[in-house]
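Pasting upload_9.txt here (compact mmCIF, C-alpha atoms and all ligand atoms):
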# COMPACT_ATOMS: atom_id res chain seq x y z
CA MET H 7 0.00 0.00 0.00
CA LEU H 8 2.95 2.28 0.54
CA ASP H 9 4.74 3.66 -2.46
CA LYS H 10 8.50 3.64 -2.01
CA VAL H 11 11.54 4.04 -4.20
CA LEU H 12 15.31 4.29 -3.84
CA ILE H 13 17.09 6.76 -6.13
CA ALA H 14 20.60 8.14 -6.45
CA VAL H 15 21.18 11.87 -6.63
CA LYS H 16 24.29 13.85 -7.40
CA SER H 17 24.79 17.54 -6.87
CA GLY H 18 26.79 19.51 -9.42
CA ASP H 19 30.56 19.95 -9.19
CA GLY H 20 31.79 23.43 -8.49
CA GLY H 21 33.60 25.05 -11.43
CA ASP H 22 37.36 25.60 -11.19
CA GLY H 23 38.82 28.94 -10.34
CA ILE H 24 41.25 30.15 -12.98
CA ILE H 25 44.57 31.95 -13.23
CA GLY H 26 44.36 35.07 -15.32
CA PHE H 27 46.07 38.44 -15.69
CA ARG H 28 44.74 41.67 -17.04
CA ARG H 29 46.07 42.61 -20.41
CA GLU H 30 45.59 46.23 -21.26
CA LYS H 31 47.16 48.40 -23.87
CA PHE H 32 49.09 50.78 -21.67
CA VAL H 33 49.43 48.60 -18.62
CA PRO H 34 52.65 46.62 -18.84
CA PHE H 35 51.88 44.43 -15.81
CA GLY H 36 48.18 43.85 -15.37
CA GLY H 37 46.98 42.54 -12.05
CA PRO H 38 45.60 39.06 -11.54
CA ASP H 39 41.99 38.74 -12.65
CA GLY H 40 41.27 35.02 -12.70
CA GLY H 41 37.62 34.57 -11.77
CA ASP H 42 36.02 32.06 -9.44
CA GLY H 43 34.23 28.95 -10.60
CA GLY H 44 30.44 28.88 -10.26
CA SER H 45 28.96 26.64 -7.59
CA GLY H 46 27.37 23.37 -8.62
CA GLY H 47 23.59 22.98 -8.63
CA SER H 48 21.86 21.34 -5.68
CA VAL H 49 19.36 18.52 -5.71
CA ILE H 50 16.12 19.55 -4.02
CA ILE H 51 13.10 17.43 -3.21
CA ARG H 52 9.84 19.33 -3.10
CA ALA H 53 6.27 18.30 -2.25
CA ASP H 54 3.80 19.23 -4.94
CA GLU H 55 0.08 18.62 -4.76
CA SER H 56 -0.16 17.91 -8.47
CA VAL H 57 2.02 14.81 -8.09
CA ASP H 58 0.16 11.75 -6.87
CA SER H 59 2.71 8.97 -6.80
CA LEU H 60 6.41 8.13 -6.92
CA ARG H 61 5.90 6.14 -10.10
CA LYS H 62 8.04 8.42 -12.28
CA TYR H 63 11.10 7.70 -10.17
CA ARG H 64 11.04 4.04 -10.98
CA GLN H 65 12.47 4.33 -14.50
CA LYS H 66 15.61 6.34 -13.93
CA LYS H 67 18.07 5.74 -11.16
CA LEU H 68 20.52 8.67 -11.09
CA TYR H 69 19.38 12.29 -10.91
CA ARG H 70 22.06 14.95 -11.28
CA ALA H 71 22.10 18.69 -10.89
CA GLY H 72 24.15 20.87 -13.26
CA ASN H 73 27.88 21.50 -12.82
CA GLY H 74 29.22 24.98 -12.21
CA ARG H 75 31.31 26.52 -14.99
CA SER H 76 34.92 27.56 -14.61
CA GLY H 77 35.71 31.16 -13.93
CA GLY H 78 36.97 33.45 -16.69
CA GLY H 79 39.48 36.24 -17.13
CA ASN H 80 38.55 39.76 -16.18
CA ASN H 81 37.25 38.46 -12.84
CA LYS H 82 34.41 36.73 -14.57
CA HIS H 83 32.53 34.44 -12.24
CA GLY H 84 31.66 31.05 -13.74
CA ARG H 85 27.97 30.39 -14.21
CA ARG H 86 26.42 28.36 -11.41
CA GLY H 87 25.07 24.92 -12.11
CA GLN H 88 21.33 24.46 -12.39
CA ASP H 89 19.49 23.06 -9.39
CA LEU H 90 17.51 19.91 -9.94
CA VAL H 91 14.08 19.90 -8.33
CA LEU H 92 12.38 16.53 -7.91
CA THR H 93 8.68 16.85 -7.15
CA VAL H 94 7.01 14.28 -4.95
CA PRO H 95 3.51 13.81 -3.54
CA LEU H 96 2.45 15.40 -0.26
CA GLY H 97 3.17 13.09 2.63
CA THR H 98 6.51 11.87 1.26
CA VAL H 99 9.12 10.94 3.84
CA VAL H 100 12.69 11.53 2.64
CA SER H 101 15.69 9.73 4.11
CA TYR H 102 19.24 8.86 3.22
CA GLY H 103 19.23 5.21 2.20
CA GLU H 104 22.17 3.40 3.71
CA ALA H 105 23.80 0.30 2.26
CA ASP H 106 23.02 -1.70 5.39
CA GLY H 107 19.33 -0.96 4.97
CA GLU H 108 19.21 1.64 7.73
CA ASN H 109 17.65 4.90 6.61
CA ILE H 110 18.53 8.23 8.14
CA PHE H 111 15.49 10.46 8.36
CA ILE H 112 15.80 13.80 6.59
CA ALA H 113 12.35 15.30 6.26
CA ASP H 114 8.65 14.72 6.16
CA LEU H 115 7.25 16.81 3.31
CA GLU H 116 3.64 17.28 4.30
CA ARG H 117 2.46 20.43 2.64
CA SER H 118 2.65 21.63 -0.91
CA GLY H 119 5.89 23.56 -1.33
CA ASP H 120 7.74 21.94 1.57
CA GLU H 121 11.22 21.20 0.32
CA VAL H 122 14.58 19.91 1.37
CA VAL H 123 18.06 20.09 -0.15
CA VAL H 124 19.34 16.53 -0.20
CA ALA H 125 22.63 17.20 -2.02
CA ARG H 126 24.20 20.62 -1.87
CA GLY H 127 26.18 21.69 -4.94
CA GLY H 128 29.98 21.87 -4.68
CA SER H 129 31.47 25.32 -4.09
CA GLY H 130 33.24 26.98 -6.96
CA GLY H 131 37.05 27.18 -6.74
CA TRP H 132 38.68 30.53 -6.16
CA GLY H 133 40.46 32.25 -9.02
CA ASN H 134 43.89 33.77 -8.54
CA ALA H 135 42.48 37.24 -7.92
CA HIS H 136 41.65 35.97 -4.42
CA TYR H 137 45.21 35.15 -3.56
CA VAL H 138 46.69 38.60 -3.92
CA THR H 139 48.38 39.95 -0.82
CA SER H 140 50.59 42.96 -0.21
CA THR H 141 53.69 40.86 -0.72
CA LYS H 142 52.35 38.60 -3.44
CA GLN H 143 50.94 40.70 -6.23
CA ALA H 144 50.83 38.14 -9.01
CA PRO H 145 49.81 34.75 -7.64
CA HIS H 146 49.88 31.89 -10.14
CA ILE H 147 47.44 29.83 -8.25
CA ALA H 148 43.80 28.89 -8.40
CA GLN H 149 41.54 26.45 -6.66
CA ARG H 150 39.76 23.51 -8.17
CA GLY H 151 35.97 23.38 -7.69
CA GLU H 152 34.54 21.23 -4.94
CA PRO H 153 33.06 18.03 -6.32
CA GLY H 154 29.33 17.47 -5.88
CA GLY H 155 28.12 14.81 -3.50
CA GLU H 156 26.38 11.61 -4.50
CA TYR H 157 23.80 10.13 -2.18
CA SER H 158 21.28 7.42 -2.19
CA ILE H 159 17.86 8.72 -1.22
CA PHE H 160 14.90 6.75 -0.05
CA LEU H 161 11.48 8.21 -0.80
CA GLU H 162 8.42 6.83 0.84
CA MET H 163 4.94 8.12 0.24
CA ARG H 164 2.68 7.72 3.20
CA LEU H 165 -0.93 7.51 2.31
CA ILE H 166 -3.24 9.89 4.05
CA ALA H 167 -6.85 8.91 4.57
CA ASP H 168 -9.55 10.76 2.64
CA VAL H 169 -12.41 9.20 4.56
CA GLY H 170 -12.54 8.57 8.28
CA VAL H 171 -14.93 6.06 9.81
CA ILE H 172 -16.28 7.22 13.15
CA GLY H 173 -18.88 5.81 15.49
CA TYR H 174 -19.52 4.52 18.96
CA PRO H 175 -17.42 1.54 20.09
CA ASN H 176 -18.79 -1.69 18.61
CA ALA H 177 -20.69 0.10 15.86
CA GLY H 178 -18.76 -2.06 13.39
CA LYS H 179 -16.08 0.37 12.13
CA SER H 180 -13.35 -2.26 11.92
CA THR H 181 -15.71 -4.71 10.29
CA LEU H 182 -16.69 -2.13 7.68
CA LEU H 183 -13.06 -1.30 6.89
CA ALA H 184 -12.27 -4.98 6.48
CA SER H 185 -15.31 -5.53 4.29
CA ALA H 186 -14.78 -2.54 1.96
CA SER H 187 -11.00 -2.81 1.54
CA GLU H 188 -8.07 -5.16 1.84
CA ALA H 189 -7.17 -3.79 5.25
CA LYS H 190 -7.09 -6.15 8.21
CA PRO H 191 -8.09 -4.20 11.29
CA LYS H 192 -8.60 -5.95 14.60
CA ILE H 193 -12.27 -6.61 15.05
CA ASP H 194 -13.74 -6.53 18.53
CA SER H 195 -10.70 -4.92 20.10
CA TYR H 196 -11.79 -2.26 22.53
CA ALA H 197 -8.50 -0.78 23.58
CA PHE H 198 -6.79 1.17 20.87
CA THR H 199 -3.18 0.64 21.69
CA THR H 200 -2.00 1.29 18.16
CA VAL H 201 -0.51 4.67 17.41
CA GLU H 202 -0.90 4.26 13.67
CA PRO H 203 -4.27 4.05 12.01
CA VAL H 204 -5.26 1.09 9.89
CA LEU H 205 -5.82 2.27 6.34
CA GLY H 206 -7.63 0.59 3.51
CA VAL H 207 -7.91 1.47 -0.16
CA VAL H 208 -11.51 1.33 -1.32
CA ASP H 209 -11.80 0.68 -5.06
CA ILE H 210 -14.86 1.86 -6.93
CA GLY H 211 -14.44 1.00 -10.59
CA GLN H 212 -11.41 2.92 -11.84
CA GLU H 213 -11.37 5.23 -8.85
CA SER H 214 -10.39 4.76 -5.26
CA PHE H 215 -10.14 6.51 -1.95
CA ILE H 216 -8.33 5.79 1.27
CA MET H 217 -10.31 5.03 4.37
CA ALA H 218 -9.20 4.88 7.99
CA GLU H 219 -10.94 3.81 11.14
CA ILE H 220 -10.96 6.47 13.83
CA PRO H 221 -11.35 4.78 17.19
CA GLY H 222 -11.71 6.16 20.67
CA LEU H 223 -14.78 8.35 20.39
CA VAL H 224 -16.25 7.48 23.76
CA LYS H 225 -17.75 9.98 26.11
CA GLY H 226 -15.11 12.12 27.74
CA ALA H 227 -12.38 10.75 25.55
CA HIS H 228 -11.95 13.91 23.47
CA LEU H 229 -10.66 11.62 20.86
CA GLY H 230 -8.07 9.44 22.45
CA ARG H 231 -5.45 11.45 24.23
CA GLY H 232 -2.81 8.82 23.67
CA LEU H 233 -3.06 8.84 19.90
CA GLY H 234 0.20 9.36 18.04
CA HIS H 235 1.01 12.16 15.65
CA ASP H 236 0.39 9.93 12.67
CA PHE H 237 -3.12 9.32 13.88
CA LEU H 238 -3.93 12.95 14.48
CA ARG H 239 -2.58 13.83 11.08
CA HIS H 240 -4.90 11.34 9.44
CA ILE H 241 -7.89 12.43 11.44
CA LEU H 242 -7.44 16.11 10.65
CA ARG H 243 -6.66 15.48 7.00
CA THR H 244 -9.68 13.35 6.23
CA LYS H 245 -12.07 15.18 3.94
CA ILE H 246 -15.28 13.44 4.92
CA LEU H 247 -16.48 11.07 7.62
CA ILE H 248 -18.64 7.99 7.56
CA HIS H 249 -20.61 7.95 10.77
CA LEU H 250 -21.55 4.41 11.60
CA ILE H 251 -24.41 3.66 13.99
CA SER H 252 -25.11 0.24 15.39
CA GLY H 253 -28.73 -0.69 14.78
CA SER H 254 -28.58 -2.94 17.81
CA SER H 255 -27.63 -0.17 20.19
CA GLY H 256 -30.15 0.79 22.86
CA SER H 257 -30.04 4.42 21.75
CA PRO H 258 -28.62 4.81 18.23
CA VAL H 259 -29.39 8.51 17.86
CA GLU H 260 -27.93 9.44 21.25
CA ASP H 261 -24.80 7.47 20.32
CA MET H 262 -24.45 9.55 17.20
CA MET H 263 -24.94 12.84 19.06
CA GLN H 264 -22.40 11.88 21.67
CA VAL H 265 -19.77 10.98 19.09
CA ASN H 266 -20.38 14.29 17.35
CA GLU H 267 -19.96 16.11 20.63
CA GLU H 268 -16.63 14.40 21.22
CA LEU H 269 -15.61 15.39 17.72
CA SER H 270 -16.25 19.07 18.25
CA LEU H 271 -14.56 19.02 21.65
CA PHE H 272 -11.49 17.67 19.95
CA ASP H 273 -11.45 19.96 16.94
CA VAL H 274 -14.22 22.12 15.58
CA SER H 275 -13.08 21.75 11.99
CA LEU H 276 -13.45 18.01 12.40
CA ALA H 277 -17.05 18.36 13.48
CA ARG H 278 -17.72 20.43 10.37
CA LYS H 279 -16.59 17.77 7.93
CA PRO H 280 -19.41 16.30 5.87
CA GLN H 281 -20.78 13.05 7.26
CA VAL H 282 -22.38 10.13 5.51
CA VAL H 283 -24.51 8.39 8.12
CA SER H 284 -25.07 4.68 8.03
CA ILE H 285 -27.04 2.22 10.16
CA ASN H 286 -25.15 -1.05 10.56
CA LYS H 287 -26.06 -4.67 11.44
CA ILE H 288 -29.23 -4.90 9.36
CA ASP H 289 -28.61 -8.66 9.11
CA LEU H 290 -29.85 -8.99 12.71
CA PRO H 291 -33.63 -9.58 12.96
CA GLU H 292 -34.04 -7.20 15.91
CA VAL H 293 -32.40 -4.43 13.89
CA LYS H 294 -34.75 -5.10 10.96
CA ALA H 295 -37.65 -4.81 13.39
CA ARG H 296 -36.46 -1.45 14.76
CA LEU H 297 -35.32 0.04 11.47
CA SER H 298 -38.27 2.35 10.78
CA GLY H 299 -38.14 3.65 14.37
CA ILE H 300 -34.43 4.50 14.02
CA ARG H 301 -35.05 6.15 10.65
CA ASP H 302 -37.80 8.31 12.11
CA ALA H 303 -35.61 9.39 15.01
CA LEU H 304 -32.81 10.28 12.58
CA SER H 305 -35.09 12.25 10.29
CA VAL H 306 -36.09 14.41 13.27
CA VAL H 307 -32.47 15.63 13.34
CA GLY H 308 -32.44 15.85 9.55
CA VAL H 309 -30.33 12.81 8.81
CA LYS H 310 -30.93 10.27 6.06
CA ALA H 311 -29.00 7.07 6.65
CA ILE H 312 -27.82 4.27 4.39
CA VAL H 313 -28.60 0.86 5.82
CA ILE H 314 -25.88 -1.79 5.68
CA SER H 315 -24.51 -4.95 7.15
CA ALA H 316 -20.74 -4.68 7.43
CA ALA H 317 -20.72 -8.37 8.32
CA THR H 318 -22.54 -9.68 5.23
CA GLY H 319 -21.56 -6.86 2.88
CA GLN H 320 -25.15 -5.85 2.19
CA GLY H 321 -25.36 -2.17 1.25
CA VAL H 322 -21.60 -1.64 1.64
CA SER H 323 -20.93 -0.80 -2.01
CA GLU H 324 -23.81 1.69 -2.02
CA LEU H 325 -22.33 3.31 1.07
CA MET H 326 -18.90 3.50 -0.55
CA SER H 327 -20.35 5.03 -3.74
CA GLU H 328 -22.13 7.66 -1.69
CA ALA H 329 -18.90 8.38 0.20
CA MET H 330 -17.10 8.82 -3.12
CA ARG H 331 -19.78 11.17 -4.40
CA VAL H 332 -19.60 13.35 -1.27
CA LEU H 333 -15.80 13.21 -1.30
CA LYS H 334 -15.67 14.57 -4.83
CA GLY H 335 -17.88 17.45 -3.85
CA VAL H 336 -15.60 18.55 -1.07
CA ALA H 337 -13.34 21.43 -1.95
CA GLU H 338 -9.68 20.55 -1.94
CA GLU H 339 -9.20 22.67 1.12
CA VAL H 340 -6.93 20.77 3.45
CA LYS H 341 -6.42 21.93 6.97
CA SER H 342 -2.77 22.20 7.75
CA VAL H 343 -1.81 20.34 10.87
CA GLY H 344 -0.04 22.28 13.55
CA VAL H 345 3.16 20.29 13.67
CA PRO H 346 6.57 21.93 13.70
CA GLU H 347 8.20 22.26 10.33
CA LYS H 348 10.93 19.74 9.82
CA VAL H 349 12.92 20.83 6.83
CA PHE H 350 16.42 19.54 6.86
CA ARG H 351 19.29 21.76 5.69
CA PRO H 352 22.53 19.91 5.25
CA GLN H 353 25.54 21.85 6.44
CA PRO H 354 28.13 22.98 3.92
CA ARG H 355 30.46 20.07 3.60
CA GLU H 356 33.73 21.97 3.90
CA ALA H 357 33.39 23.45 7.34
CA VAL H 358 35.90 21.24 9.12
CA PHE H 359 39.60 20.57 9.01
CA SER H 360 41.76 18.24 10.97
CA VAL H 361 45.41 18.09 11.94
CA SER H 362 46.99 14.81 12.89
CA LYS H 363 50.50 13.64 13.54
CA VAL H 364 51.49 10.59 11.52
CA GLY H 365 55.01 9.45 12.40
CA ASN H 366 57.04 12.64 12.46
CA GLU H 367 54.87 14.34 9.88
CA PHE H 368 51.90 16.67 10.49
CA VAL H 369 49.10 15.74 8.12
CA LEU H 370 46.52 18.39 7.29
CA SER H 371 43.12 17.42 6.11
CA VAL H 372 41.70 20.71 4.87
CA PRO H 373 39.42 20.16 1.86
CA GLU H 374 39.63 23.78 0.78
CA LEU H 375 43.42 23.64 0.62
CA GLU H 376 43.55 20.19 -0.91
CA ARG H 377 41.54 21.65 -3.75
CA LEU H 378 44.12 24.39 -4.02
CA VAL H 379 46.87 21.80 -4.28
CA ALA H 380 44.86 20.06 -7.00
CA GLY H 381 44.12 23.35 -8.76
CA ALA H 382 45.70 24.62 -11.94
CA GLY H 383 49.16 25.85 -12.64
CA ALA H 384 51.04 26.67 -9.51
CA SER H 385 54.66 25.80 -8.85
CA ALA H 386 55.50 23.97 -5.62
CA THR H 387 57.17 27.05 -4.21
CA GLU H 388 54.17 29.22 -4.87
CA LEU H 389 51.82 26.61 -3.49
CA ARG H 390 53.75 26.35 -0.24
CA TRP H 391 53.81 30.07 0.07
CA GLN H 392 50.06 30.28 -0.53
CA LEU H 393 49.28 27.41 1.80
CA ASN H 394 51.18 29.04 4.63
CA SER H 395 49.18 32.21 4.30
CA GLN H 396 45.86 30.34 3.95
CA LEU H 397 46.67 28.29 7.04
CA GLN H 398 46.67 31.46 9.03
CA ARG H 399 43.36 32.57 7.61
CA LEU H 400 41.60 29.27 8.29
CA GLY H 401 42.91 28.95 11.82
CA VAL H 402 44.91 25.84 10.94
CA LYS H 403 48.14 27.50 12.01
CA LYS H 404 46.91 27.81 15.58
CA ALA H 405 45.85 24.19 15.57
CA LEU H 406 49.29 23.15 14.35
CA GLU H 407 50.97 25.15 17.07
CA ARG H 408 48.70 23.62 19.64
CA ALA H 409 49.69 20.21 18.28
CA GLY H 410 53.30 21.18 19.04
CA ILE H 411 54.75 21.89 15.59
CA LYS H 412 58.34 23.26 15.52
CA PRO H 413 60.24 24.96 12.71
CA GLY H 414 61.71 22.30 10.45
CA ASP H 415 58.91 19.77 11.05
CA LYS H 416 57.33 18.23 7.95
CA ILE H 417 53.77 19.04 6.88
CA ARG H 418 51.68 17.30 4.27
CA CYS H 419 48.48 18.48 2.59
CA GLY H 420 47.11 16.41 -0.26
CA ASP H 421 50.06 15.56 -2.51
CA LEU H 422 52.22 18.36 -1.28
CA GLU H 423 54.86 18.16 1.43
CA TRP H 424 56.86 21.02 2.91
CA GLU H 425 58.70 22.22 5.97
CA TRP H 426 57.30 24.46 8.66
N1 LIG W 501 -24.41 -9.10 13.19
C1 LIG W 501 -23.49 -8.17 12.87
N2 LIG W 501 -22.46 -7.95 13.67
C2 LIG W 501 -21.55 -7.00 13.32
C3 LIG W 501 -21.67 -6.26 12.14
N3 LIG W 501 -20.63 -5.40 12.06
C4 LIG W 501 -19.87 -5.61 13.17
N4 LIG W 501 -20.43 -6.57 13.93
C5 LIG W 501 -19.91 -7.09 15.21
O1 LIG W 501 -19.88 -6.03 16.15
C6 LIG W 501 -18.74 -6.16 17.01
C7 LIG W 501 -17.89 -4.88 16.95
O2 LIG W 501 -17.37 -4.75 15.65
P1 LIG W 501 -16.09 -3.87 15.33
O3 LIG W 501 -15.96 -3.84 13.86
O4 LIG W 501 -14.94 -4.31 16.12
O5 LIG W 501 -16.62 -2.48 15.88
P2 LIG W 501 -15.79 -1.12 16.13
O6 LIG W 501 -15.54 -1.05 17.60
O7 LIG W 501 -16.70 -0.03 15.69
O8 LIG W 501 -14.54 -1.20 15.33
C8 LIG W 501 -18.00 -7.38 16.52
O9 LIG W 501 -18.34 -8.46 17.30
C9 LIG W 501 -18.49 -7.56 15.10
O10 LIG W 501 -18.44 -8.88 14.67
C10 LIG W 501 -22.82 -6.52 11.28
O11 LIG W 501 -23.01 -5.95 10.21
N5 LIG W 501 -23.67 -7.49 11.71
MG MG W 502 -12.51 -1.14 15.89
Would you encode the structure as structure tokens?
Ligand SMILES: Nc1nc2c(ncn2[C@@H]2O[C@H](COP(=O)(O)OP(=O)(O)O)[C@@H](O)[C@H]2O)c(=O)[nH]1
Ligand SMILES: [Mg+2]
Amino acid sequence: MLDKVLIAVKSGDGGDGIIGFRREKFVPFGGPDGGDGGSGGSVIIRADESVDSLRKYRQKKLYRAGNGRSGGGNNKHGRRGQDLVLTVPLGTVVSYGEADGENIFIADLERSGDEVVVARGGSGGWGNAHYVTSTKQAPHIAQRGEPGGEYSIFLEMRLIADVGVIGYPNAGKSTLLASASEAKPKIDSYAFTTVEPVLGVVDIGQESFIMAEIPGLVKGAHLGRGLGHDFLRHILRTKILIHLISGSSGSPVEDMMQVNEELSLFDVSLARKPQVVSINKIDLPEVKARLSGIRDALSVVGVKAIVISAATGQGVSELMSEAMRVLKGVAEEVKSVGVPEKVFRPQPREAVFSVSKVGNEFVLSVPELERLVAGAGASATELRWQLNSQLQRLGVKKALERAGIKPGDKIRCGDLEWEW
């Protein structure tokens, strides 16, 4: 019943920074003007109400955002890569899919427009214009763009019920759900210990709707205090209700009133949802005998009920057709549930560096500088010179000193080795 799919996404690589120098007619030595690379595009997952399934993600497996372009001369910034937006149905849960089958939750996209960045584009590399200092006026050095990240993403669409079945305990709600759909609710279970509702898909010809049993509407219950978030979400999102009355109850109409009272105590908007009323258990002879009395009592409060037997199936398809008809008439206005927004924003990936001592060598793991080492053009001397000044800027120098570095000690960063 749940729609789920595993896809791979890749954010765009950042464009490389370049080494460039101004060339002007009357300027013998132009300054450095190598521009920065553009950042790579990000992969974004967005909930969109016009999407109704994850089907389209079954064909293709890798989704990539655009790469950033390299910088240009004249301080020209490379164009940034295009973001890739993947639209998914409302109610899609997004997680990182791990190889061992464990998924790491990222976001629950409930409302139209909710979105989450699942792969942030790589930063663009710096051009040589960035590396000018008072003592180094013509740096021959530029940084390579940061590569994009590739992730495996698990999308799971949780169905949300369109129709809720309410009614006094023992009215036959579970029996109706089992009879009208493939769902297997527990029949005759009084306590509702479950925190997740049982859902069933009701098929009517080519069309279908999703139905859930809403338990716990007993006097004073205010709709089950212990119900989980998932439950509340379903209850508030249903568009219409089927109100089931047991024909064998001592006071069917009072039962109905009491349930309605509980509904409005819980949430007024819930009490305003359209109801299709139905009298259940018509297979029982005593119910047949009382039927016209119950009908009269209901018509006093202006209610016309559909008579069924959830147990034998009599009248159930008529009830479902009526529910479908009413459902279609309901405006698509969906009450938004007051839950805190959970939109995940991955941190930029380059925030950290580490310094470790391996043998008698200090090894720097500083992605930003490693990309500089891998960047275009520079001589080893220039690189070392640049690295030393960047170490200061990034606070790596302090960390090295704290780690006890002395002049003459060896340092390594990426492929480059030099002396402190
Ligand atoms: N005779 C008869 N019994 C029914 C019918 N529907 C439900 N029941 C019985 O009524 C009891 C309560 O049913 P259940 O579906 O658990 O009610 P719920 O509490 O509203 O979910 C069970 O013993 C069912 O077998 C029906 O149409 N006819
Ligand atoms: Mg039940």
Close residues to ligand MG 502 (chain W) using all atoms listed in the file, limit 8 Å, as a PDB file with C-alpha atoms, in the frame of the given file:
ATOM      1  CA  PRO H 175     -17.420   1.540  20.090  1.00  0.00           C
ATOM      2  CA  ASN H 176     -18.790  -1.690  18.610  1.00  0.00           C
ATOM      3  CA  GLY H 178     -18.760  -2.060  13.390  1.00  0.00           C
ATOM      4  CA  LYS H 179     -16.080   0.370  12.130  1.00  0.00           C
ATOM      5  CA  SER H 180     -13.350  -2.260  11.920  1.00  0.00           C
ATOM      6  CA  THR H 181     -15.710  -4.710  10.290  1.00  0.00           C
ATOM      7  CA  PRO H 191      -8.090  -4.200  11.290  1.00  0.00           C
ATOM      8  CA  LYS H 192      -8.600  -5.950  14.600  1.00  0.00           C
ATOM      9  CA  ILE H 193     -12.270  -6.610  15.050  1.00  0.00           C
ATOM     10  CA  ASP H 194     -13.740  -6.530  18.530  1.00  0.00           C
ATOM     11  CA  SER H 195     -10.700  -4.920  20.100  1.00  0.00           C
ATOM     12  CA  TYR H 196     -11.790  -2.260  22.530  1.00  0.00           C
ATOM     13  CA  PHE H 198      -6.790   1.170  20.870  1.00  0.00           C
ATOM     14  CA  GLU H 219     -10.940   3.810  11.140  1.00  0.00           C
ATOM     15  CA  PRO H 221     -11.350   4.780  17.190  1.00  0.00           C
TER      16      PRO H 221
END
Find the axis-aligned box for stretch 46-55 of chain H, covering all its listed atoms and adding 4 Å on each side, and write its centre and edge lengths in Å to one decimal as AutoDock Vina command-line options.
--center_x 13.7 --center_y 20.4 --center_z -5.4 --size_x 35.3 --size_y 13.9 --size_z 14.4
Distance in Å - atom CA of H:Glu367 versus atom CA of H:Asp421: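 Separation of atom CA of H:Glu367 and atom CA of H:Asp421: 13.3 Å.
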Nearest residue to H:Ile251 from the set H:Ser327, H:Ser284, H:Ser305, H:Ser59 (distances using all atoms listed in the file):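 Going through H:Ser327, H:Ser284, H:Ser305, H:Ser59 one by one, the smallest distance to H:Ile251 is for H:Ser284.
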Atom-to-atom span, atom CA of H:Arg408 and atom CA of H:Ser371, Å: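 Spanning atom CA of H:Arg408 to atom CA of H:Ser371 is a straight-line distance of 15.9 Å.
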Expected residue set, 10 Å radius at (49.9, 16.3, 2.9), only C-alpha atoms, as an MDAnalysis selection string: chainID H and resid 367:372 376 379 416:424
How would the residues just chosen look if you wrote them out with C-alpha atoms as an mmCIF file, in the frame of the given file?
data_model
loop_
_atom_site.group_PDB
_atom_site.id
_atom_site.type_symbol
_atom_site.label_atom_id
_atom_site.label_comp_id
_atom_site.auth_asym_id
_atom_site.auth_seq_id
_atom_site.Cartn_x
_atom_site.Cartn_y
_atom_site.Cartn_z
ATOM 1 C CA GLU H 367 54.870 14.340 9.880
ATOM 2 C CA PHE H 368 51.900 16.670 10.490
ATOM 3 C CA VAL H 369 49.100 15.740 8.120
ATOM 4 C CA LEU H 370 46.520 18.390 7.290
ATOM 5 C CA SER H 371 43.120 17.420 6.110
ATOM 6 C CA VAL H 372 41.700 20.710 4.870
ATOM 7 C CA GLU H 376 43.550 20.190 -0.910
ATOM 8 C CA VAL H 379 46.870 21.800 -4.280
ATOM 9 C CA LYS H 416 57.330 18.230 7.950
ATOM 10 C CA ILE H 417 53.770 19.040 6.880
ATOM 11 C CA ARG H 418 51.680 17.300 4.270
ATOM 12 C CA CYS H 419 48.480 18.480 2.590
ATOM 13 C CA GLY H 420 47.110 16.410 -0.260
ATOM 14 C CA ASP H 421 50.060 15.560 -2.510
ATOM 15 C CA LEU H 422 52.220 18.360 -1.280
ATOM 16 C CA GLU H 423 54.860 18.160 1.430
ATOM 17 C CA TRP H 424 56.860 21.020 2.910
#
Residue nearest ligand LIG 501 (chain W) among H:Ser360, H:Gln281, H:Ser254, H:Gln398 (counting all atoms listed in the file):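 For ligand LIG 501 (chain W), the nearest of the candidates is H:Ser254.
The smallest atom-to-atom distance between ligand LIG 501 (chain W) and any of H:Gly253, H:Gly72, H:Gly365, H:Gly131, using all atoms listed in the file, is found for H:Gly253.
Using all atoms listed in the file, the nearest neighbour of ligand LIG 501 (chain W) within the list H:Ile13, H:Ala317, H:Ile110, H:Ile246 is H:Ala317.
Closest approach to ligand LIG 501 (chain W) among H:Val122, H:Ala184, H:Val282, H:Val11 is made by H:Ala184 (distances from all atoms listed in the file).
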Protein, DNA and RNA residues within 10 Å of (7.3, 8.9, -2.2), only C-alpha atoms, as JSON, numbers by chain: {"H": [8, 9, 10, 11, 12, 53, 57, 58, 59, 60, 61, 63, 93, 94, 95, 96, 97, 98, 99, 100, 115, 160, 161, 162, 163, 164, 165]}
Which residue of H:Glu324, H:Asp42, H:Asp302, H:Asp120 approaches H:Trp132 most closely, using only C-alpha atoms: H:Asp42
Atom pair atom CA of H:Arg86 / atom CA of H:Ala148: separation (Å): 17.6 Å
Mind running stretch 100-168 of chain H against stretch 64-71 of chain H at 12 Å and telling me each contacting residue's nearest atom pair with the distance in Å (one decimal), counting only C-alpha atoms, chain and number ascending, as CSV?
residue,atom,partner,partner_atom,distance
H:Val123,CA,H:Ala71,CA,11.6
H:Val124,CA,H:Ala71,CA,11.2
H:Ala125,CA,H:Ala71,CA,9.0
H:Arg126,CA,H:Ala71,CA,9.5
H:Gly127,CA,H:Ala71,CA,7.8
H:Gly128,CA,H:Ala71,CA,10.5
H:Pro153,CA,H:Ala71,CA,11.9
H:Gly154,CA,H:Ala71,CA,8.9
H:Gly155,CA,H:Arg70,CA,9.9
H:Glu156,CA,H:Arg70,CA,8.7
H:Tyr157,CA,H:Leu68,CA,9.6
H:Ser158,CA,H:Leu68,CA,9.0
H:Ile159,CA,H:Leu68,CA,10.2
H:Phe160,CA,H:Lys67,CA,11.6
H:Leu161,CA,H:Arg64,CA,11.0
